[in-house]
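Listing of entry-v8.txt; format and content: compact mmCIF, C-alpha atoms and all ligand atoms.
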```
# COMPACT_ATOMS: atom_id res chain seq x y z
CA MET A 1 2.19 26.78 15.55
CA SER A 2 2.75 26.93 11.76
CA LYS A 3 5.34 29.36 10.33
CA GLY A 4 2.70 30.87 8.10
CA PRO A 5 -0.42 29.71 6.33
CA SER A 6 1.49 26.81 4.75
CA ILE A 7 2.65 23.62 6.46
CA LYS A 8 5.84 21.89 5.40
CA ALA A 9 6.29 18.38 6.75
CA LEU A 10 9.19 15.97 6.59
CA GLY A 11 7.94 12.39 6.25
CA ILE A 12 9.98 9.32 7.19
CA GLU A 13 9.08 5.77 6.10
CA SER A 14 10.97 2.65 7.23
CA SER A 15 8.33 0.01 8.02
CA CYS A 16 9.26 -2.54 5.36
CA ASP A 17 12.04 -2.63 2.73
CA ASP A 18 11.93 0.96 1.44
CA THR A 19 13.85 3.69 3.23
CA SER A 20 12.12 6.86 2.17
CA VAL A 21 12.09 10.51 3.19
CA ALA A 22 10.10 13.35 1.63
CA ILE A 23 9.04 16.95 2.17
CA VAL A 24 5.44 17.91 1.36
CA ARG A 25 3.95 21.40 1.46
CA TYR A 26 0.32 22.21 2.16
CA LYS A 27 -1.09 25.64 1.37
CA PRO A 28 -4.78 26.38 1.93
CA GLY A 29 -6.62 26.41 -1.39
CA GLU A 30 -3.76 24.82 -3.32
CA THR A 31 -3.03 21.23 -4.36
CA PRO A 32 -0.43 19.85 -1.92
CA LYS A 33 3.07 19.73 -3.38
CA VAL A 34 5.75 17.09 -2.93
CA LEU A 35 8.84 19.30 -2.74
CA ALA A 36 11.27 16.36 -2.69
CA LEU A 37 11.16 12.59 -2.36
CA VAL A 38 13.94 10.04 -1.92
CA VAL A 39 13.29 6.28 -1.93
CA GLN A 40 16.01 3.71 -1.38
CA ASN A 41 14.75 0.18 -1.96
CA GLN A 42 16.55 -2.67 -0.20
CA SER A 43 15.56 -5.53 -2.52
CA THR A 44 19.17 -6.32 -3.52
CA LEU A 45 20.08 -6.76 0.18
CA HIS A 46 17.37 -9.39 0.70
CA GLU A 47 17.39 -11.09 -2.72
CA GLN A 48 19.66 -13.98 -1.75
CA TYR A 49 17.40 -14.91 1.20
CA GLY A 50 14.19 -15.17 -0.86
CA GLY A 51 12.34 -12.68 1.36
CA ILE A 52 12.84 -9.68 3.62
CA VAL A 53 15.15 -10.33 6.59
CA PRO A 54 13.85 -7.99 9.34
CA GLU A 55 17.24 -7.50 11.06
CA ILE A 56 18.98 -6.60 7.79
CA ALA A 57 16.11 -4.24 6.92
CA ALA A 58 16.31 -2.46 10.29
CA ARG A 59 20.07 -1.96 10.05
CA ALA A 60 19.85 -0.70 6.47
CA HIS A 61 17.18 1.83 7.49
CA SER A 62 19.41 3.08 10.33
CA ASP A 63 22.36 3.39 7.97
CA ARG A 64 20.43 5.25 5.28
CA LEU A 65 17.95 7.55 7.04
CA ASP A 66 20.37 10.41 7.66
CA SER A 67 21.72 10.50 4.09
CA CYS A 68 18.16 10.30 2.67
CA THR A 69 17.13 13.22 4.90
CA LEU A 70 20.12 15.32 3.86
CA GLU A 71 19.30 14.52 0.24
CA VAL A 72 15.64 15.62 0.42
CA LEU A 73 16.56 18.83 2.23
CA LYS A 74 19.10 19.55 -0.50
CA LYS A 75 16.65 18.70 -3.29
CA ALA A 76 13.97 20.94 -1.77
CA GLN A 77 16.58 23.64 -1.04
CA LEU A 78 15.40 23.84 2.57
CA THR A 79 16.88 23.45 6.02
CA LEU A 80 15.22 21.86 9.06
CA THR A 81 14.35 25.33 10.36
CA ASP A 82 12.12 25.91 7.31
CA LEU A 83 9.94 22.93 8.28
CA ASP A 84 6.89 22.76 10.54
CA CYS A 85 6.93 19.14 11.72
CA ILE A 86 8.61 15.75 11.56
CA ALA A 87 6.21 12.92 10.64
CA VAL A 88 7.25 9.30 10.91
CA THR A 89 5.69 5.88 10.39
CA ALA A 90 5.15 4.60 13.94
CA GLY A 91 3.57 1.33 12.72
CA PRO A 92 2.32 -1.12 11.69
CA GLY A 93 5.25 -2.91 10.11
CA LEU A 94 8.48 -4.78 10.78
CA ILE A 95 9.26 -3.59 14.26
CA GLY A 96 13.04 -3.16 13.85
CA GLY A 97 12.55 -0.87 10.87
CA VAL A 98 9.79 1.09 12.58
CA ILE A 99 12.01 1.57 15.67
CA SER A 100 14.85 2.81 13.40
CA GLY A 101 12.53 5.43 11.89
CA VAL A 102 10.89 6.52 15.15
CA SER A 103 14.25 6.86 16.97
CA PHE A 104 15.67 8.86 14.08
CA ALA A 105 12.59 11.12 13.97
CA LYS A 106 12.78 11.75 17.72
CA GLY A 107 16.42 12.80 17.36
CA LEU A 108 15.56 15.17 14.50
CA ALA A 109 12.57 16.64 16.34
CA ALA A 110 14.57 17.14 19.54
CA GLY A 111 17.53 18.67 17.70
CA SER A 112 15.41 21.04 15.60
CA ASN A 113 12.69 21.76 18.14
CA LEU A 114 10.00 20.71 15.66
CA PRO A 115 6.82 18.88 16.66
CA LEU A 116 6.83 15.11 16.23
CA ILE A 117 3.90 13.28 14.60
CA GLY A 118 3.57 9.48 14.59
CA VAL A 119 1.74 8.25 11.50
CA ASN A 120 -0.14 5.01 10.93
CA HIS A 121 1.31 3.54 7.71
CA LEU A 122 -2.08 2.19 6.56
CA ALA A 123 -3.74 5.56 7.18
CA ALA A 124 -1.02 7.18 5.07
CA HIS A 125 -1.76 4.82 2.15
CA ALA A 126 -5.48 5.51 2.49
CA LEU A 127 -5.02 9.31 2.66
CA THR A 128 -2.64 9.53 -0.33
CA ALA A 129 -5.52 10.25 -2.70
CA ARG A 130 -6.09 13.51 -0.81
CA MET A 131 -2.51 14.61 -1.49
CA THR A 132 -2.58 14.02 -5.24
CA HIS A 133 -6.26 14.54 -6.05
CA LYS A 134 -9.08 16.63 -4.65
CA VAL A 135 -11.07 14.12 -2.60
CA ALA A 136 -13.75 14.80 -0.03
CA PHE A 137 -14.72 12.38 2.74
CA PRO A 138 -16.18 9.78 2.92
CA TYR A 139 -14.49 7.63 0.28
CA LEU A 140 -13.53 3.99 -0.18
CA CYS A 141 -9.96 2.75 -0.47
CA LEU A 142 -8.71 -0.65 -1.60
CA LEU A 143 -5.15 -1.05 -0.42
CA VAL A 144 -3.37 -3.83 -2.32
CA SER A 145 0.36 -4.45 -2.07
CA GLY A 146 2.92 -7.08 -1.12
CA GLY A 147 2.05 -6.64 2.54
CA HIS A 148 -1.46 -5.24 2.67
CA CYS A 149 -4.95 -6.01 1.44
CA GLN A 150 -7.89 -4.16 2.96
CA PHE A 151 -11.03 -2.29 2.03
CA LEU A 152 -11.22 0.89 4.09
CA THR A 153 -13.99 3.43 4.49
CA VAL A 154 -12.20 6.75 5.04
CA LYS A 155 -14.49 9.10 6.98
CA ALA A 156 -11.88 11.57 8.26
CA PRO A 157 -8.05 11.67 8.58
CA ASP A 158 -8.43 9.74 11.82
CA LYS A 159 -11.65 7.79 11.21
CA PHE A 160 -11.56 4.54 9.28
CA ILE A 161 -13.79 1.50 9.03
CA ARG A 162 -12.18 -1.71 7.80
CA LEU A 163 -14.77 -3.47 5.67
CA GLY A 164 -12.65 -6.54 4.97
CA GLY A 165 -9.28 -7.81 3.85
CA THR A 166 -7.24 -10.90 3.11
CA ILE A 167 -7.41 -13.82 5.49
CA ASP A 168 -4.03 -15.14 4.31
CA ASP A 169 -1.65 -13.78 1.64
CA ALA A 170 -1.69 -10.23 0.32
CA PRO A 171 -2.24 -10.09 -3.47
CA GLY A 172 1.29 -8.85 -4.24
CA GLU A 173 2.67 -11.65 -2.11
CA ALA A 174 0.65 -14.16 -4.18
CA PHE A 175 2.01 -12.64 -7.41
CA ASP A 176 5.57 -12.79 -6.03
CA LYS A 177 5.33 -16.39 -4.79
CA THR A 178 3.66 -17.52 -8.02
CA ALA A 179 6.35 -15.86 -10.13
CA ARG A 180 8.96 -17.69 -8.05
CA GLN A 181 7.17 -21.00 -8.75
CA LEU A 182 7.29 -20.23 -12.46
CA GLY A 183 10.94 -19.14 -12.42
CA LEU A 184 10.04 -15.53 -13.30
CA ALA A 185 11.90 -12.47 -12.02
CA GLN A 186 11.00 -10.62 -8.79
CA PRO A 187 8.98 -8.58 -8.10
CA GLY A 188 6.50 -11.09 -9.46
CA GLY A 189 3.60 -8.75 -10.26
CA PRO A 190 5.15 -6.98 -13.25
CA SER A 191 6.69 -10.28 -14.53
CA ILE A 192 3.33 -12.05 -14.46
CA GLU A 193 1.50 -9.11 -16.01
CA LYS A 194 4.03 -8.97 -18.86
CA MET A 195 3.88 -12.72 -19.49
CA ALA A 196 0.05 -12.69 -19.32
CA VAL A 197 -0.29 -10.29 -22.25
CA SER A 198 0.02 -13.08 -24.83
CA GLY A 199 -1.81 -15.70 -22.72
CA ASN A 200 -5.34 -17.10 -22.73
CA SER A 201 -6.92 -16.07 -19.43
CA THR A 202 -9.67 -18.71 -19.67
CA LYS A 203 -7.30 -21.66 -20.27
CA TYR A 204 -7.08 -22.68 -16.60
CA ALA A 205 -10.01 -22.48 -14.21
CA PHE A 206 -8.41 -21.11 -11.06
CA PRO A 207 -10.63 -20.49 -8.01
CA ARG A 208 -12.10 -17.19 -6.83
CA PRO A 209 -11.84 -18.00 -3.08
CA LEU A 210 -14.57 -16.68 -0.73
CA LYS A 211 -16.59 -15.64 -3.80
CA ASN A 212 -19.78 -17.09 -2.38
CA GLN A 213 -19.18 -15.95 1.19
CA GLN A 214 -20.80 -12.82 2.51
CA GLY A 215 -18.66 -9.79 3.26
CA CYS A 216 -15.56 -8.52 1.53
CA ASN A 217 -12.81 -10.69 2.93
CA LEU A 218 -10.40 -12.14 0.39
CA SER A 219 -8.03 -15.10 0.16
CA PHE A 220 -5.13 -15.65 -2.20
CA SER A 221 -3.21 -18.64 -0.88
CA GLY A 222 -5.51 -21.23 -2.54
CA LEU A 223 -5.09 -19.51 -5.88
CA LYS A 224 -1.32 -19.78 -5.57
CA THR A 225 -1.60 -23.51 -4.74
CA SER A 226 -3.97 -24.14 -7.69
CA LEU A 227 -1.41 -22.66 -10.04
CA LEU A 228 1.28 -24.90 -8.59
CA ARG A 229 -0.90 -27.99 -9.17
CA ALA A 230 -1.63 -26.90 -12.76
CA LYS A 231 2.08 -26.42 -13.36
CA GLU A 232 2.88 -29.87 -11.98
CA LYS A 233 0.20 -31.44 -14.22
CA ILE A 234 1.63 -29.78 -17.32
CA ILE A 235 5.15 -30.96 -16.46
CA ALA A 236 3.93 -34.51 -15.80
CA LYS A 237 2.18 -34.58 -19.19
CA GLU A 238 4.47 -32.53 -21.40
CA GLY A 239 7.85 -32.76 -19.65
CA SER A 240 8.32 -28.98 -19.44
CA ILE A 241 6.39 -25.73 -19.67
CA SER A 242 6.35 -24.06 -23.07
CA SER A 243 6.18 -20.30 -23.33
CA THR A 244 2.55 -20.60 -24.50
CA ARG A 245 1.60 -22.62 -21.40
CA MET A 246 3.51 -20.16 -19.21
CA ALA A 247 1.61 -17.23 -20.72
CA ASP A 248 -1.72 -19.06 -20.25
CA LEU A 249 -0.90 -19.85 -16.60
CA CYS A 250 0.00 -16.22 -15.93
CA ALA A 251 -3.06 -14.84 -17.72
CA SER A 252 -5.42 -17.25 -15.92
CA PHE A 253 -3.81 -16.47 -12.54
CA GLN A 254 -4.03 -12.72 -13.11
CA ARG A 255 -7.66 -13.00 -14.23
CA ALA A 256 -8.59 -14.95 -11.10
CA ALA A 257 -6.82 -12.46 -8.79
CA SER A 258 -8.37 -9.51 -10.56
CA GLU A 259 -11.86 -10.99 -10.56
CA SER A 260 -11.61 -11.75 -6.83
CA LEU A 261 -10.64 -8.13 -6.15
CA SER A 262 -13.32 -6.65 -8.38
CA LEU A 263 -16.07 -8.96 -7.10
CA LYS A 264 -15.30 -7.94 -3.52
CA SER A 265 -14.97 -4.28 -4.58
CA GLN A 266 -18.63 -4.50 -5.57
CA VAL A 267 -19.48 -5.95 -2.14
CA ALA A 268 -17.43 -3.22 -0.43
CA LEU A 269 -19.30 -0.51 -2.37
CA ASP A 270 -22.63 -2.01 -1.34
CA THR A 271 -21.51 -2.31 2.30
CA PHE A 272 -20.28 1.28 2.31
CA ALA A 273 -23.63 2.55 0.99
CA LYS A 274 -25.54 0.46 3.53
CA GLN A 275 -23.41 1.57 6.49
CA LEU A 276 -23.20 5.26 5.63
CA GLY A 277 -26.46 5.76 3.77
CA GLN A 278 -24.60 7.34 0.86
CA LYS A 279 -22.24 6.41 -1.96
CA PRO A 280 -18.51 7.06 -1.57
CA THR A 281 -17.27 10.27 -3.18
CA LEU A 282 -14.56 8.15 -4.81
CA PHE A 283 -13.06 4.67 -4.97
CA THR A 284 -9.28 4.80 -4.70
CA LEU A 285 -6.79 2.02 -5.28
CA SER A 286 -3.44 2.14 -3.50
CA GLY A 287 -0.37 -0.10 -3.04
CA GLY A 288 2.06 -1.62 -5.55
CA VAL A 289 -0.54 -3.98 -7.06
CA ALA A 290 -2.46 -0.89 -8.23
CA ALA A 291 0.11 -0.84 -11.07
CA ASN A 292 -1.61 -3.84 -12.65
CA GLN A 293 -3.58 -2.67 -15.68
CA VAL A 294 -6.03 -5.62 -15.67
CA ILE A 295 -6.85 -5.09 -11.98
CA ARG A 296 -7.26 -1.35 -12.51
CA LYS A 297 -9.56 -1.91 -15.47
CA ASP A 298 -11.70 -4.48 -13.68
CA VAL A 299 -12.13 -2.35 -10.53
CA GLN A 300 -12.75 0.75 -12.64
CA LYS A 301 -15.50 -1.14 -14.54
CA ILE A 302 -17.30 -1.86 -11.26
CA CYS A 303 -17.05 1.83 -10.30
CA ASP A 304 -18.27 2.96 -13.74
CA GLU A 305 -21.32 0.71 -13.42
CA GLU A 306 -22.06 2.26 -10.02
CA ASN A 307 -21.34 5.80 -11.24
CA ILE A 308 -18.58 6.30 -8.68
CA PRO A 309 -15.36 8.10 -9.66
CA PHE A 310 -12.33 5.80 -9.67
CA TYR A 311 -8.82 7.06 -8.93
CA ALA A 312 -5.41 5.49 -8.47
CA PRO A 313 -2.59 7.86 -7.41
CA PRO A 314 0.62 7.92 -9.48
CA LEU A 315 2.58 4.75 -8.76
CA GLU A 316 5.45 6.43 -6.89
CA TYR A 317 2.87 7.48 -4.26
CA CYS A 318 1.02 4.14 -4.31
CA THR A 319 4.06 2.13 -3.22
CA ASP A 320 5.72 2.78 0.16
CA ASN A 321 7.08 6.34 0.21
CA GLY A 322 7.89 9.20 2.57
CA ALA A 323 5.54 11.65 0.81
CA MET A 324 2.42 9.82 1.98
CA ILE A 325 3.81 9.88 5.55
CA ALA A 326 4.50 13.63 5.31
CA TRP A 327 0.98 14.18 3.97
CA ALA A 328 -0.64 12.08 6.73
CA GLY A 329 1.49 14.14 9.15
CA ILE A 330 0.04 17.34 7.67
CA GLU A 331 -3.49 15.96 8.11
CA LYS A 332 -2.72 15.29 11.80
CA TYR A 333 -1.02 18.67 12.18
CA ARG A 334 -4.21 20.35 10.98
CA LEU A 335 -6.10 18.44 13.67
CA ASN A 336 -3.52 19.42 16.30
CA GLN A 337 -2.59 15.79 16.85
CA PHE A 338 1.03 15.82 17.97
CA ASP A 339 3.12 13.23 19.80
CA GLY A 340 5.61 13.44 22.62
CA PHE A 341 8.96 11.72 22.94
CA ASP A 342 7.12 8.77 24.44
CA LEU A 343 5.88 7.89 20.91
CA GLN A 344 6.05 4.11 20.59
CA ALA A 345 6.94 2.04 17.52
CA ARG A 346 4.20 -0.54 16.94
CA SER A 347 4.33 -3.74 14.89
CA ARG A 348 0.52 -3.85 14.95
CA TRP A 349 -1.67 -0.80 14.81
CA PRO A 350 -5.21 -1.48 13.62
CA LEU A 351 -6.80 1.53 11.94
CA ASP A 352 -10.23 0.39 12.93
CA THR A 353 -10.25 -0.81 16.52
CA THR A 354 -13.92 -1.72 16.38
CA SER A 355 -13.66 -4.47 13.74
CA SER A 356 -12.25 -7.84 14.79
CA PRO A 357 -8.75 -8.76 13.55
CA ILE A 358 -8.46 -10.81 10.36
CA LEU A 359 -6.39 -13.94 10.85
CA GLY A 360 -3.27 -14.45 8.75
CA GLY A 361 -2.24 -11.37 6.85
CA GLY A 362 0.79 -12.26 4.74
CA LYS A 363 4.55 -12.45 4.82
CA ARG A 364 4.99 -9.03 6.34
CA GLY A 365 2.75 -9.88 9.25
CA ALA A 366 -0.90 -9.25 9.89
CA LYS A 367 -1.02 -5.51 9.55
CA SER A 368 -4.75 -5.25 9.97
O1 LIG B 1 3.41 -1.25 -2.22
P1 LIG B 1 4.60 -2.05 -2.60
O2 LIG B 1 5.69 -1.39 -3.39
O3 LIG B 1 5.32 -2.63 -1.33
C1 LIG B 1 4.73 -3.31 -0.31
O4 LIG B 1 4.35 -4.46 -0.52
O5 LIG B 1 4.64 -2.74 0.80
O6 LIG B 1 4.05 -3.31 -3.40
C2 LIG B 1 4.92 -4.26 -3.96
C3 LIG B 1 4.07 -5.39 -4.48
C4 LIG B 1 4.89 -6.59 -4.93
O7 LIG B 1 4.37 -7.74 -4.35
C5 LIG B 1 4.74 -6.58 -6.44
O8 LIG B 1 4.80 -7.86 -7.05
C6 LIG B 1 3.37 -5.97 -6.61
O9 LIG B 1 3.32 -4.95 -5.63
N1 LIG B 1 3.22 -5.39 -7.95
C7 LIG B 1 2.34 -5.85 -8.85
C8 LIG B 1 2.57 -5.11 -10.03
N2 LIG B 1 3.58 -4.21 -9.79
C9 LIG B 1 3.96 -4.40 -8.51
N3 LIG B 1 1.41 -6.81 -8.76
C10 LIG B 1 0.67 -7.05 -9.88
N4 LIG B 1 0.87 -6.41 -11.05
C11 LIG B 1 1.78 -5.44 -11.17
N5 LIG B 1 1.97 -4.81 -12.34
ZN ZN B 2 2.73 -0.02 2.51
```

Before anything else, please render the file you have as structure tokens.
Ligand code: KG4
Ligand code: ZN
Amino acid sequence: MSKGPSIKALGIESSCDDTSVAIVRYKPGETPKVLALVVQNQSTLHEQYGGIVPEIAARAHSDRLDSCTLEVLKKAQLTLTDLDCIAVTAGPGLIGGVISGVSFAKGLAAGSNLPLIGVNHLAAHALTARMTHKVAFPYLCLLVSGGHCQFLTVKAPDKFIRLGGTIDDAPGEAFDKTARQLGLAQPGGPSIEKMAVSGNSTKYAFPRPLKNQQGCNLSFSGLKTSLLRAKEKIIAKEGSISSTRMADLCASFQRAASESLSLKSQVALDTFAKQLGQKPTLFTLSGGVAANQVIRKDVQKICDEENIPFYAPPLEYCTDNGAMIAWAGIEKYRLNQFDGFDLQARSRWPLDTTSSPILGGGKRGAKS
């Protein structure tokens, strides 16, 4: 089916607030190459509402997908006829946006006579390490962003075990809501990390929820509430929050979030070894929160102690992007897993159908 030994896939992502299209090329024996990537973030459209408005997101995706596609083709100096397949996020995510992407992809595939491949967005995040780094199965992925938080055993491009995840907010969501409470700019993660640099991370004793519970589920909503209470106490006592107090709050919050993630990373590594009878070939971090240097360092420390290689892909491929969708499409192409025009957009699409759903799941819906 391929036009030669290489596979060139167009990847379309529209499941949340990033409209993104990319072209990725796979050649046997070579590191996969992202030939072009376009990402159009919608944050300015949603800013005034204090969160993502699904209807606005879906319309913006519809408006932008064709220009993004023309732009990547131009950047890669290719036409549709040079490609081998059209890959698209078919879920999980905000359903209006997913429908926009799937409908657009069907039109492109029909018009160009290229095979259509529906990609699971979570699988794409988990497989990204294989696009940017040589990684053999089975490995462990911690996906941490504004909408996701899960530990995944990756056994094959289509075989995942979910070891655990958040029972309420995603970590990025907790950073964003906390930053809002403190009057810091959005997205909250980078603002809190910056403010935390000069702070004392042991000043406030914030909780590490579920620390003493078995398994690797996580919780972040209590942490967010503890910070709010601490802030109220400071205001009641001192009238306002000085920059020193602000830095201490941020540093203590970040430390608690990072410790929760690294503690459960240890549990996930142990669970992986128990279930598979071997260590993972690698521990990979993915999602926007992977940008946080303290979190990276803490998780890396756990991996170093266990002698397991740690790897976080470059940030542009950690956050939502079309390249990871194109790559996941290539993985499916190589397994001959194609879709027909009956491909459905799905708001929920669990990667691991054998593990029971985790309740809650954050502002962008329970994606587990
Ligand atoms: O993967 P992403 O771009 O989008 C989705 O959520 O799908 O992740 C964005 C999230 C935001 O919540 C943002 O605050 C968080 O990642 N983030 C960070 C940092 N940079 C981005 N969180 C903590 N520390 C950071 N440096
Ligand atoms: Zn994502």

Long-range neighbours of Gln293 of chain A as a list in words, 12 Å cut-off, only C-alpha atoms, 5 positions minimum in chain: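 Neighbouring residues, sequence-local ones excluded: Gly189, Pro190, Ile192, Glu193, Lys194, Ala196, Val197, Gln254, Arg255, Ser258, Leu285, Gly288, Asp298, Val299, Gln300, Ala312 and Leu315 of chain A.
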
Selection from above, C-alpha atoms, as an mmCIF file, in the coordinates of the input, can you write it?
```
data_model
loop_
_atom_site.group_PDB
_atom_site.id
_atom_site.type_symbol
_atom_site.label_atom_id
_atom_site.label_comp_id
_atom_site.auth_asym_id
_atom_site.auth_seq_id
_atom_site.Cartn_x
_atom_site.Cartn_y
_atom_site.Cartn_z
ATOM 1 C CA GLY A 189 3.600 -8.750 -10.260
ATOM 2 C CA PRO A 190 5.150 -6.980 -13.250
ATOM 3 C CA ILE A 192 3.330 -12.050 -14.460
ATOM 4 C CA GLU A 193 1.500 -9.110 -16.010
ATOM 5 C CA LYS A 194 4.030 -8.970 -18.860
ATOM 6 C CA ALA A 196 0.050 -12.690 -19.320
ATOM 7 C CA VAL A 197 -0.290 -10.290 -22.250
ATOM 8 C CA GLN A 254 -4.030 -12.720 -13.110
ATOM 9 C CA ARG A 255 -7.660 -13.000 -14.230
ATOM 10 C CA SER A 258 -8.370 -9.510 -10.560
ATOM 11 C CA LEU A 285 -6.790 2.020 -5.280
ATOM 12 C CA GLY A 288 2.060 -1.620 -5.550
ATOM 13 C CA ASP A 298 -11.700 -4.480 -13.680
ATOM 14 C CA VAL A 299 -12.130 -2.350 -10.530
ATOM 15 C CA GLN A 300 -12.750 0.750 -12.640
ATOM 16 C CA ALA A 312 -5.410 5.490 -8.470
ATOM 17 C CA LEU A 315 2.580 4.750 -8.760
#
```

Find the distance between atom CA of Lys274 of chain A and atom CA of Gln214 of chain A and write it in Å to one decimal.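 Between atom CA of Lys274 of chain A and atom CA of Gln214 of chain A the gap works out to 14.1 Å.
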
Using all atoms listed in the file, which residue out of A:Gly50, A:Pro280, A:Pro171, A:Gly91 lies closest to ligand LIG 1 (chain B)? A:Pro171

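The environment of Trp349 of chain A within 10 Å, counting all atoms listed in the file and disregarding residues fewer than 2 places along the same chain, consists of Ala90, Gly91, Pro92, Gly93, Asn120, His121, Leu122, Ala345, Arg346, Ser347, Leu351, Asp352, Thr353, Ala366, Lys367 and Ser368 of chain A.
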
Taking all atoms listed in the file into account, report as a list in words which residues have an atom no farther than 7 Å from an atom of ligand ZN 2 (chain B).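 What falls inside 7 Å of ligand ZN 2 (chain B) is His121, Leu122, His125, Ser145, Gly147, His148, Gly287, Thr319 and Asp320 of chain A.
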
For the point (-11.5, 1.6, 0.0) in file coordinates, what residues are within 8 Å, counting all atoms listed in the file? Give the answer as an MDAnalysis selection string? chainID A and resid 126 139:143 150:154 268 283:285

Could you write out the selected residues, including C-alpha atoms, as a PDB file, keeping the file's coordinate frame?
```pdb
ATOM      1  CA  ALA A 126      -5.480   5.510   2.490  1.00  0.00           C
ATOM      2  CA  TYR A 139     -14.490   7.630   0.280  1.00  0.00           C
ATOM      3  CA  LEU A 140     -13.530   3.990  -0.180  1.00  0.00           C
ATOM      4  CA  CYS A 141      -9.960   2.750  -0.470  1.00  0.00           C
ATOM      5  CA  LEU A 142      -8.710  -0.650  -1.600  1.00  0.00           C
ATOM      6  CA  LEU A 143      -5.150  -1.050  -0.420  1.00  0.00           C
ATOM      7  CA  GLN A 150      -7.890  -4.160   2.960  1.00  0.00           C
ATOM      8  CA  PHE A 151     -11.030  -2.290   2.030  1.00  0.00           C
ATOM      9  CA  LEU A 152     -11.220   0.890   4.090  1.00  0.00           C
ATOM     10  CA  THR A 153     -13.990   3.430   4.490  1.00  0.00           C
ATOM     11  CA  VAL A 154     -12.200   6.750   5.040  1.00  0.00           C
ATOM     12  CA  ALA A 268     -17.430  -3.220  -0.430  1.00  0.00           C
ATOM     13  CA  PHE A 283     -13.060   4.670  -4.970  1.00  0.00           C
ATOM     14  CA  THR A 284      -9.280   4.800  -4.700  1.00  0.00           C
ATOM     15  CA  LEU A 285      -6.790   2.020  -5.280  1.00  0.00           C
TER      16      LEU A 285
END
```

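For the atom pair formed by atom CA of Lys106 of chain A and atom CA of Cys85 of chain A, the distance is 11.2 Å, given to one decimal.
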
Option closest in space to ligand LIG 1 (chain B), from A:Arg64, A:Lys231, A:Arg208, A:Lys177 [counting only C-alpha atoms and all ligand atoms]: A:Lys177

Within 7 Å of (11.5, 10.7, 8.1) in the file's own coordinates, which protein, DNA or RNA residues have an atom, counting all atoms listed in the file? List them as a list in words. Leu10, Gly11, Ile12, Glu13, Val21, Thr69, Ile86, Ala87, Val88, Gly101, Ala105 and Gly322 of chain A

Have a look at A:Asn307, A:Ser265, A:Thr44, A:Asn217 and name the one nearest to Gln186 of chain A; count only C-alpha atoms.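 Using only C-alpha atoms, the shortest distance to Gln186 of chain A belongs to A:Thr44.
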
Output, as AutoDock Vina command-line options, the centre and edge lengths in Å (one decimal) of the axis-aligned box that contains all listed atoms of ligand LIG 1 (chain B) with 5 Å of margin on each side.
```
--center_x 3.2 --center_y -4.6 --center_z -5.8 --size_x 15.0 --size_y 16.6 --size_z 23.1
```

Rank nothing, just name the residue among A:Asn292, A:Ser100, A:Ala323, A:Ser20 nearest to Ala57 of chain A, using all atoms listed in the file.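 Going through A:Asn292, A:Ser100, A:Ala323, A:Ser20 one by one, the smallest distance to Ala57 of chain A is for A:Ser100.
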
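Here atom CA of Glu173 of chain A is placed at a distance of 10.4 Å from atom O1 of ligand LIG 1 (chain B).
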
Which one is closest to ligand LIG 1 (chain B): A:Asn41, A:Asn200, A:Ser103, A:Thr132? Count all atoms listed in the file.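 Closest to ligand LIG 1 (chain B) of all the choices is A:Asn41.
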
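Using all atoms listed in the file, the nearest neighbour of ligand LIG 1 (chain B) within the list A:Ala291, A:Ile167, A:Ala109, A:Val38 is A:Ala291.
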
Contacts of Val72 of chain A within 10 Å, all atoms listed in the file, excl. fewer than 5 positions in-chain, as a count of residues only: 14

Would you list the contacts of Thr202 of chain A as a VMD selection string, taking every protein, DNA or RNA residue within 8 Å and counting all atoms listed in the file, but skipping same-chain residues closer than 4 positions in sequence? chain A and resid 248 251 to 252

Would you mind writing segment 184-189 of chain A with N, CA, C and O atoms, as a compact mmCIF listing (two decimals), keeping the file's coordinate frame?
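File produced: selection27.txt:
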```txt
# COMPACT_ATOMS: atom_id res chain seq x y z
N LEU A 184 10.03 -16.90 -12.75
CA LEU A 184 10.04 -15.53 -13.30
C LEU A 184 10.70 -14.57 -12.31
O LEU A 184 10.76 -14.83 -11.11
N ALA A 185 11.15 -13.43 -12.85
CA ALA A 185 11.90 -12.47 -12.02
C ALA A 185 11.02 -11.81 -10.96
O ALA A 185 9.81 -11.69 -11.13
N GLN A 186 11.66 -11.38 -9.87
CA GLN A 186 11.00 -10.62 -8.79
C GLN A 186 11.18 -9.13 -9.06
O GLN A 186 12.21 -8.73 -9.60
N PRO A 187 10.28 -8.24 -8.68
CA PRO A 187 8.98 -8.58 -8.10
C PRO A 187 8.07 -9.29 -9.12
O PRO A 187 8.11 -8.97 -10.31
N GLY A 188 7.27 -10.21 -8.60
CA GLY A 188 6.50 -11.09 -9.46
C GLY A 188 5.37 -10.42 -10.22
O GLY A 188 5.03 -10.85 -11.33
N GLY A 189 4.76 -9.38 -9.63
CA GLY A 189 3.60 -8.75 -10.26
C GLY A 189 3.86 -8.30 -11.70
O GLY A 189 3.18 -8.74 -12.63
```
